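Student: Here it is, the structure, as structure tokens.
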Number of protein chains: 2
Amino acid sequence: MNLKELSELLGLSPTTVSRALNGYPEVNVDTKRRVEAAAAEHGYAPNTMARRLATGRTMGIGHVVPLGEHDMINPIFAEFIAGAGEAYSKAGYNMILSVVPKEKELDTYRAMAASQNVDGVIVHAPLVNDPRMKCLVDLGLPFIVHGRSHSEGEAPYCWLDIRNKDAFFHATERLTGLGHKRIALLNGLPSMMFARRRLEGFEGAMEAAGLKVDPALIRGADMTEPFGYEAASALLAKVDRPTAFLCSSLTVALGVNRAVSEIGLQLGRDISLITHDDAMSFLPNGGSMPMFASTKSSVREAGYRAAEMLIDLIEGRVMGPVTELWDVPFLDGASLGPAPRE
Amino acid sequence: MNLKELSELLGLSPTTVSRALNGYPEVNVDTKRRVEAAAAEHGYAPNTMARRLATGRTMGIGHVVPLGEHDMINPIFAEFIAGAGEAYSKAGYNMILSVVPKEKELDTYRAMAASQNVDGVIVHAPLVNDPRMKCLVDLGLPFIVHGRSHSEGEAPYCWLDIRNKDAFFHATERLTGLGHKRIALLNGLPSMMFARRRLEGFEGAMEAAGLKVDPALIRGADMTEPFGYEAASALLAKVDRPTAFLCSSLTVALGVNRAVSEIGLQLGRDISLITHDDAMSFLPNGGSMPMFASTKSSVREAGYRAAEMLIDLIEGRVMGPVTELWDVPFLDGASLGPAPRE
DNA sequence: GTGAAAGCGCTAACAT
DNA sequence: ATGTTAGCGCTTTCAC
């Protein structure tokens, strides 16, 4: 069933039917009702592609995820996607997920701009010096970055992010306040902007406490359980082992916990741990796992806000670089204790 | 730049340019080269929506994921998506991810069929009596199910699945062979078809070993770490506690390991454990975590095959219900030992 | 309030 | 080997 058929069925012109269905005001109330009834009865829905061609709006938002050694499809991403998806449904947009080799990411954006199959894109997991933003600006493709690439000051694009630096500053401060001097930082990949900012927060707090940062206690990698396990095992085997761990994710913290238990120690008694929890999607409550700083469902919220922001940008309701930044909520946990006496 | 402009620029008709760009054989080799060069130079790419309207093919595959209490976007899903995405890129298709409230899933399919914005869909996580397949068959929308809903015999649709029942039969057999009599099964949600099949395999092997299944040792829930921890803690507190665990995922196994360590026991010495590993995306090697049955990257492979199969179906290269079924590879691990003497 | 007609940018019959 | 023409199904002026 298409518009023409439906209109013939009703003895109306396609124009009127289209207007009735799209809620134009100038349509007679009765005709409108008749049209809607007929559409529902015959299960008519306008052909998506025809409408898109006619309006010039694709109603699609691209999410390009690189397929590489490092998995980008992780719990954080999943939560974000869930949030964004909700916003899209509400606004009638479609999420288009493109899985492409990392090195083809820019080409994908160029192709998207040239073939006009998305109205905008969302950039995930920005790197320390990320080439994607400039590329997108040049292409004139509207976009929002989840995270950011610029350290301080104005960025010439829209982004939204949590206060990673502050969160890790405060977490570290909390540990130094308990007397910890040897604190290990199990961070994300150094190339990632969020890891850079977390490191800055850590270093800042160490300095503020008059402590020297030991580079041997800082590790950065994909935030997996085995990474936490292996890094913690290695660090705990040292004679001057750390008395506390600062983890970039709950997944990593689980690995640390495994390493700690394995050598007969206990988290919260012998070793302190604070983790940034960004893995709530597979650990719905985190319940029994002690933790401290948590984003909880805020990643999903971030996805929703990002999508909303992008749609506003596309539809011209907002202009120019908009940014949003929010705090990471802190949760006290059972894994904190004073540093052992020397 | 559109087709008309490009063709005028070249002094050719739009048709010829279109033919040259789409690789039709009847085009002069020189013109073809000229056209391609001009297209590249001016960054021309055909307008996606115009092409889709003209061809009647949307080049889109829908993935509907329910947004509910139970997270559907989990590591298994992520791996599957990565695999499918790869296949789509290769074939020029787009993945359209729709996040919708669970109760609106069928409506979403109906809307997709009516508005023709996808060429087909992939059904995830089928339930024991899943209404989606019948709905899709009625709608005439091509689809592939990752998993299945019908227990045995012919299903009137395409699906692809791993041998869950066999895998859990063999895993259980292995444990009974070591003398274990009290085996706990930490399964997925009972409403999920895969959990049902795993349970069947477990029960079959118990029966084959002449053992009685204790319902108190069977738990089914979302496969999270806290579930594993809490279930194992509770079960290990019983006087007649299990001597072995069979887990539906590595995430759950991690929780079991935590519970086991916490009470001073050790996996592989005091308690045996076999896990089906479907969480490789956040545990890239599983390395130090002992495990037994593993799908490793086979979920990603499944996504790739499913996408390929669906495209074949859409493009008419295959017809009728196709199914594919494969074994879960077994990996020996360090977590197995004989059952303790009575 | 309704309709006729012209596009949106492409592909695909049907010539030549 | 190339061009002409007619759609694909909708929206959107413009006219009544």
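Residue numbers start at 1 in each chain; chains themselves are named A, B, ... in the order of the structure tokens; ligands are numbered from 1 in the order shown.
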Could you pull out the residues in stretch 230-262 of chain B that DSSP calls helix (DSSP H, G or I) from the backbone, as an mmCIF file with N, CA and C atoms, in the first residue's frame?
Tutor:
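Output below, filename states.cif:
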```cif
data_model
loop_
_atom_site.group_PDB
_atom_site.id
_atom_site.type_symbol
_atom_site.label_atom_id
_atom_site.label_comp_id
_atom_site.auth_asym_id
_atom_site.auth_seq_id
_atom_site.Cartn_x
_atom_site.Cartn_y
_atom_site.Cartn_z
ATOM 1 N N GLU B 230 26.940 -14.363 44.462
ATOM 2 C CA GLU B 230 25.881 -14.585 45.443
ATOM 3 C C GLU B 230 25.359 -16.020 45.419
ATOM 4 N N ALA B 231 25.180 -16.529 44.230
ATOM 5 C CA ALA B 231 24.691 -17.903 44.124
ATOM 6 C C ALA B 231 25.705 -18.867 44.738
ATOM 7 N N ALA B 232 26.966 -18.684 44.393
ATOM 8 C CA ALA B 232 27.994 -19.589 44.913
ATOM 9 C C ALA B 232 28.128 -19.449 46.421
ATOM 10 N N SER B 233 28.096 -18.229 46.922
ATOM 11 C CA SER B 233 28.187 -18.022 48.368
ATOM 12 C C SER B 233 27.080 -18.782 49.084
ATOM 13 N N ALA B 234 25.875 -18.635 48.549
ATOM 14 C CA ALA B 234 24.733 -19.300 49.182
ATOM 15 C C ALA B 234 24.882 -20.817 49.115
ATOM 16 N N LEU B 235 25.260 -21.313 47.959
ATOM 17 C CA LEU B 235 25.353 -22.765 47.795
ATOM 18 C C LEU B 235 26.486 -23.358 48.624
ATOM 19 N N LEU B 236 27.577 -22.612 48.738
ATOM 20 C CA LEU B 236 28.733 -23.131 49.478
ATOM 21 C C LEU B 236 28.492 -23.098 50.988
ATOM 22 N N LEU B 250 31.719 -16.839 31.655
ATOM 23 C CA LEU B 250 32.951 -16.532 32.373
ATOM 24 C C LEU B 250 32.705 -15.457 33.419
ATOM 25 N N THR B 251 31.811 -14.548 33.124
ATOM 26 C CA THR B 251 31.487 -13.488 34.084
ATOM 27 C C THR B 251 30.953 -14.102 35.374
ATOM 28 N N VAL B 252 30.063 -15.053 35.204
ATOM 29 C CA VAL B 252 29.514 -15.744 36.363
ATOM 30 C C VAL B 252 30.623 -16.518 37.084
ATOM 31 N N ALA B 253 31.491 -17.141 36.310
ATOM 32 C CA ALA B 253 32.584 -17.917 36.895
ATOM 33 C C ALA B 253 33.500 -17.036 37.746
ATOM 34 N N LEU B 254 33.685 -15.814 37.315
ATOM 35 C CA LEU B 254 34.505 -14.889 38.098
ATOM 36 C C LEU B 254 33.877 -14.661 39.472
ATOM 37 N N GLY B 255 32.566 -14.545 39.479
ATOM 38 C CA GLY B 255 31.864 -14.357 40.742
ATOM 39 C C GLY B 255 31.999 -15.581 41.629
ATOM 40 N N VAL B 256 31.909 -16.752 41.017
ATOM 41 C CA VAL B 256 32.072 -17.996 41.775
ATOM 42 C C VAL B 256 33.467 -18.044 42.373
ATOM 43 N N ASN B 257 34.447 -17.692 41.565
ATOM 44 C CA ASN B 257 35.828 -17.696 42.042
ATOM 45 C C ASN B 257 35.994 -16.774 43.246
ATOM 46 N N ARG B 258 35.339 -15.638 43.188
ATOM 47 C CA ARG B 258 35.439 -14.688 44.298
ATOM 48 C C ARG B 258 34.839 -15.285 45.567
ATOM 49 N N ALA B 259 33.684 -15.942 45.395
ATOM 50 C CA ALA B 259 33.030 -16.548 46.558
ATOM 51 C C ALA B 259 33.890 -17.673 47.132
ATOM 52 N N VAL B 260 34.466 -18.456 46.226
ATOM 53 C CA VAL B 260 35.281 -19.592 46.654
ATOM 54 C C VAL B 260 36.511 -19.109 47.420
ATOM 55 N N SER B 261 37.210 -18.108 46.876
ATOM 56 C CA SER B 261 38.408 -17.577 47.543
ATOM 57 C C SER B 261 38.056 -17.010 48.899
ATOM 58 N N GLU B 262 36.921 -16.332 48.953
ATOM 59 C CA GLU B 262 36.555 -15.617 50.163
ATOM 60 C C GLU B 262 36.419 -16.535 51.369
#
```
Student: What's around D:DT5 at 10 Å? Count only C-alpha atoms (C1' of nucleotides), leave out sequence neighbours fewer than 4 positions away in its own chain, and write the answer as a ChimeraX atom specification.
Tutor: /C:13-15
Student: For the selection just defined, write its residues with N, CA and C atoms (P, O5', C5', C4', C3', O3' and C1' of nucleotides) to a file, as a JSON list (two decimals), in the first residue's frame.
Tutor:
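The resulting file, part.json, is shown below:
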```json
[["chain", "number", "residue", "atom", "x", "y", "z"],
["C", 13, "DA", "P", 15.20, -3.44, -15.86],
["C", 13, "DA", "O5'", 14.01, -3.52, -16.91],
["C", 13, "DA", "C5'", 14.23, -2.93, -18.09],
["C", 13, "DA", "C4'", 13.02, -2.17, -18.57],
["C", 13, "DA", "C3'", 12.81, -2.47, -20.04],
["C", 13, "DA", "O3'", 11.43, -2.39, -20.39],
["C", 13, "DA", "C1'", 13.71, -0.27, -19.73],
["C", 14, "DC", "P", 11.01, -3.06, -21.77],
["C", 14, "DC", "O5'", 11.45, -1.93, -22.81],
["C", 14, "DC", "C5'", 10.93, -0.60, -22.64],
["C", 14, "DC", "C4'", 11.66, 0.33, -23.59],
["C", 14, "DC", "C3'", 11.90, -0.26, -24.99],
["C", 14, "DC", "O3'", 11.29, 0.59, -25.95],
["C", 14, "DC", "C1'", 13.83, 0.81, -24.16],
["C", 15, "DA", "P", 11.29, 0.06, -27.48],
["C", 15, "DA", "O5'", 12.84, 0.08, -27.87],
["C", 15, "DA", "C5'", 13.22, 0.65, -29.08],
["C", 15, "DA", "C4'", 13.53, 2.13, -28.92],
["C", 15, "DA", "C3'", 14.38, 2.66, -30.07],
["C", 15, "DA", "O3'", 13.94, 3.93, -30.51],
["C", 15, "DA", "C1'", 15.61, 2.78, -28.02]]
```
Student: Within 10 Å of chain B, which residues of chain C show up when using only C-alpha atoms (C1' of nucleotides), listed as an MDAnalysis selection string?
Tutor: chainID C and resid 8:12
Student: Deliver the residues from the most recent selection as a file, using N, CA and C atoms (P, O5', C5', C4', C3', O3' and C1' of nucleotides), as a PDB file, in the first residue's frame.
Tutor:
```pdb
ATOM      1  P    DC C   8      15.228  18.995  -8.145  1.00  0.00           P
ATOM      2  O5'  DC C   8      15.502  18.031  -6.919  1.00  0.00           O
ATOM      3  C5'  DC C   8      15.158  18.355  -5.581  1.00  0.00           C
ATOM      4  C4'  DC C   8      15.252  17.086  -4.764  1.00  0.00           C
ATOM      5  C3'  DC C   8      16.312  16.116  -5.265  1.00  0.00           C
ATOM      6  O3'  DC C   8      17.509  16.337  -4.528  1.00  0.00           O
ATOM      7  C1'  DC C   8      14.225  14.981  -4.751  1.00  0.00           C
ATOM      8  P    DG C   9      18.869  16.684  -5.335  1.00  0.00           P
ATOM      9  O5'  DG C   9      19.361  15.275  -5.886  1.00  0.00           O
ATOM     10  C5'  DG C   9      19.686  14.246  -4.960  1.00  0.00           C
ATOM     11  C4'  DG C   9      19.754  12.927  -5.703  1.00  0.00           C
ATOM     12  C3'  DG C   9      20.699  12.907  -6.903  1.00  0.00           C
ATOM     13  O3'  DG C   9      21.599  11.850  -6.716  1.00  0.00           O
ATOM     14  C1'  DG C   9      18.613  11.985  -7.465  1.00  0.00           C
ATOM     15  P    DC C  10      22.703  11.422  -7.751  1.00  0.00           P
ATOM     16  O5'  DC C  10      22.089  10.055  -8.296  1.00  0.00           O
ATOM     17  C5'  DC C  10      22.085   8.935  -7.448  1.00  0.00           C
ATOM     18  C4'  DC C  10      20.933   8.024  -7.762  1.00  0.00           C
ATOM     19  C3'  DC C  10      21.181   7.063  -8.918  1.00  0.00           C
ATOM     20  O3'  DC C  10      21.765   5.882  -8.381  1.00  0.00           O
ATOM     21  C1'  DC C  10      18.945   7.960  -8.917  1.00  0.00           C
ATOM     22  P    DT C  11      22.420   4.868  -9.411  1.00  0.00           P
ATOM     23  O5'  DT C  11      21.145   4.084  -9.974  1.00  0.00           O
ATOM     24  C5'  DT C  11      20.356   3.318  -9.073  1.00  0.00           C
ATOM     25  C4'  DT C  11      19.212   2.685  -9.826  1.00  0.00           C
ATOM     26  C3'  DT C  11      19.618   1.680 -10.905  1.00  0.00           C
ATOM     27  O3'  DT C  11      18.704   0.597 -10.790  1.00  0.00           O
ATOM     28  C1'  DT C  11      18.256   3.350 -11.864  1.00  0.00           C
ATOM     29  P    DA C  12      18.976  -0.759 -11.508  1.00  0.00           P
ATOM     30  O5'  DA C  12      17.913  -0.669 -12.686  1.00  0.00           O
ATOM     31  C5'  DA C  12      16.539  -0.435 -12.380  1.00  0.00           C
ATOM     32  C4'  DA C  12      15.763  -0.446 -13.665  1.00  0.00           C
ATOM     33  C3'  DA C  12      16.292  -1.459 -14.671  1.00  0.00           C
ATOM     34  O3'  DA C  12      15.190  -1.900 -15.451  1.00  0.00           O
ATOM     35  C1'  DA C  12      16.492   0.682 -15.573  1.00  0.00           C
TER      36       DA C  12
END
```
Student: Would you mind reading off the distance between atom CA of B:Ile81 and atom CA of B:Gly303, one decimal, in Å?
Tutor: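 Those two atoms sit 6.1 Å apart.
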Student: List as a Markdown table every residue of chain D that is in contact with chain A, defined as an atom at most 7 Å from one of its atoms (using only C-alpha atoms (C1' of nucleotides)), together with the nearest atom pair and the distance in Å rounded to one decimal, sorted by chain and then rising number.
Tutor:
```
| residue | atom | partner | partner_atom | distance |
| --- | --- | --- | --- | --- |
| D:DG9 | C1' | A:Ala50 | CA | 5.0 |
| D:DC10 | C1' | A:Arg51 | CA | 4.8 |
| D:DT11 | C1' | A:Ala54 | CA | 5.5 |
```
Student: Please write the residues from the selection above to a file, keeping C-alpha atoms (C1' of nucleotides), as a PDB file, in the first residue's frame.
Tutor:
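Output saved as out-v6.pdb:
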```pdb
ATOM      1  C1'  DG D   9       6.910   7.258  -3.544  1.00  0.00           C
ATOM      2  C1'  DC D  10       7.008  10.904  -1.289  1.00  0.00           C
ATOM      3  C1'  DT D  11       6.844  16.255  -0.074  1.00  0.00           C
TER       4       DT D  11
END
```
Student: List every residue of chain A that has an atom at most 6 Å from any atom of chain B, giving for each one its closest atom pair and the distance in Å to one decimal, counting only C-alpha atoms, sorted by chain and then by ascending residue number, as a Markdown table.
Tutor:
```
| residue | atom | partner | partner_atom | distance |
| --- | --- | --- | --- | --- |
| A:Ala45 | CA | B:Ser115 | CA | 5.1 |
| A:Pro46 | CA | B:Ser115 | CA | 5.6 |
| A:Asn47 | CA | B:Ser115 | CA | 4.8 |
| A:Thr48 | CA | B:Ser115 | CA | 5.4 |
| A:Met49 | CA | B:Leu53 | CA | 5.4 |
| A:Ala50 | CA | B:Leu53 | CA | 5.7 |
| A:Leu53 | CA | B:Met49 | CA | 5.4 |
| A:Ile73 | CA | B:Ala78 | CA | 5.7 |
| A:Ala78 | CA | B:Ile73 | CA | 5.8 |
| A:Gly85 | CA | B:Val99 | CA | 5.0 |
| A:Met95 | CA | B:Leu97 | CA | 5.5 |
| A:Ile96 | CA | B:Ile96 | CA | 4.8 |
| A:Leu97 | CA | B:Met95 | CA | 5.5 |
| A:Val99 | CA | B:Gly85 | CA | 5.0 |
| A:Ala114 | CA | B:Ala45 | CA | 5.4 |
| A:Ser115 | CA | B:Asn47 | CA | 4.8 |
| A:Asn117 | CA | B:Thr48 | CA | 5.6 |
| A:Thr224 | CA | B:Phe282 | CA | 5.6 |
| A:Phe282 | CA | B:Thr224 | CA | 5.6 |
| A:Leu283 | CA | B:Thr224 | CA | 5.6 |
```
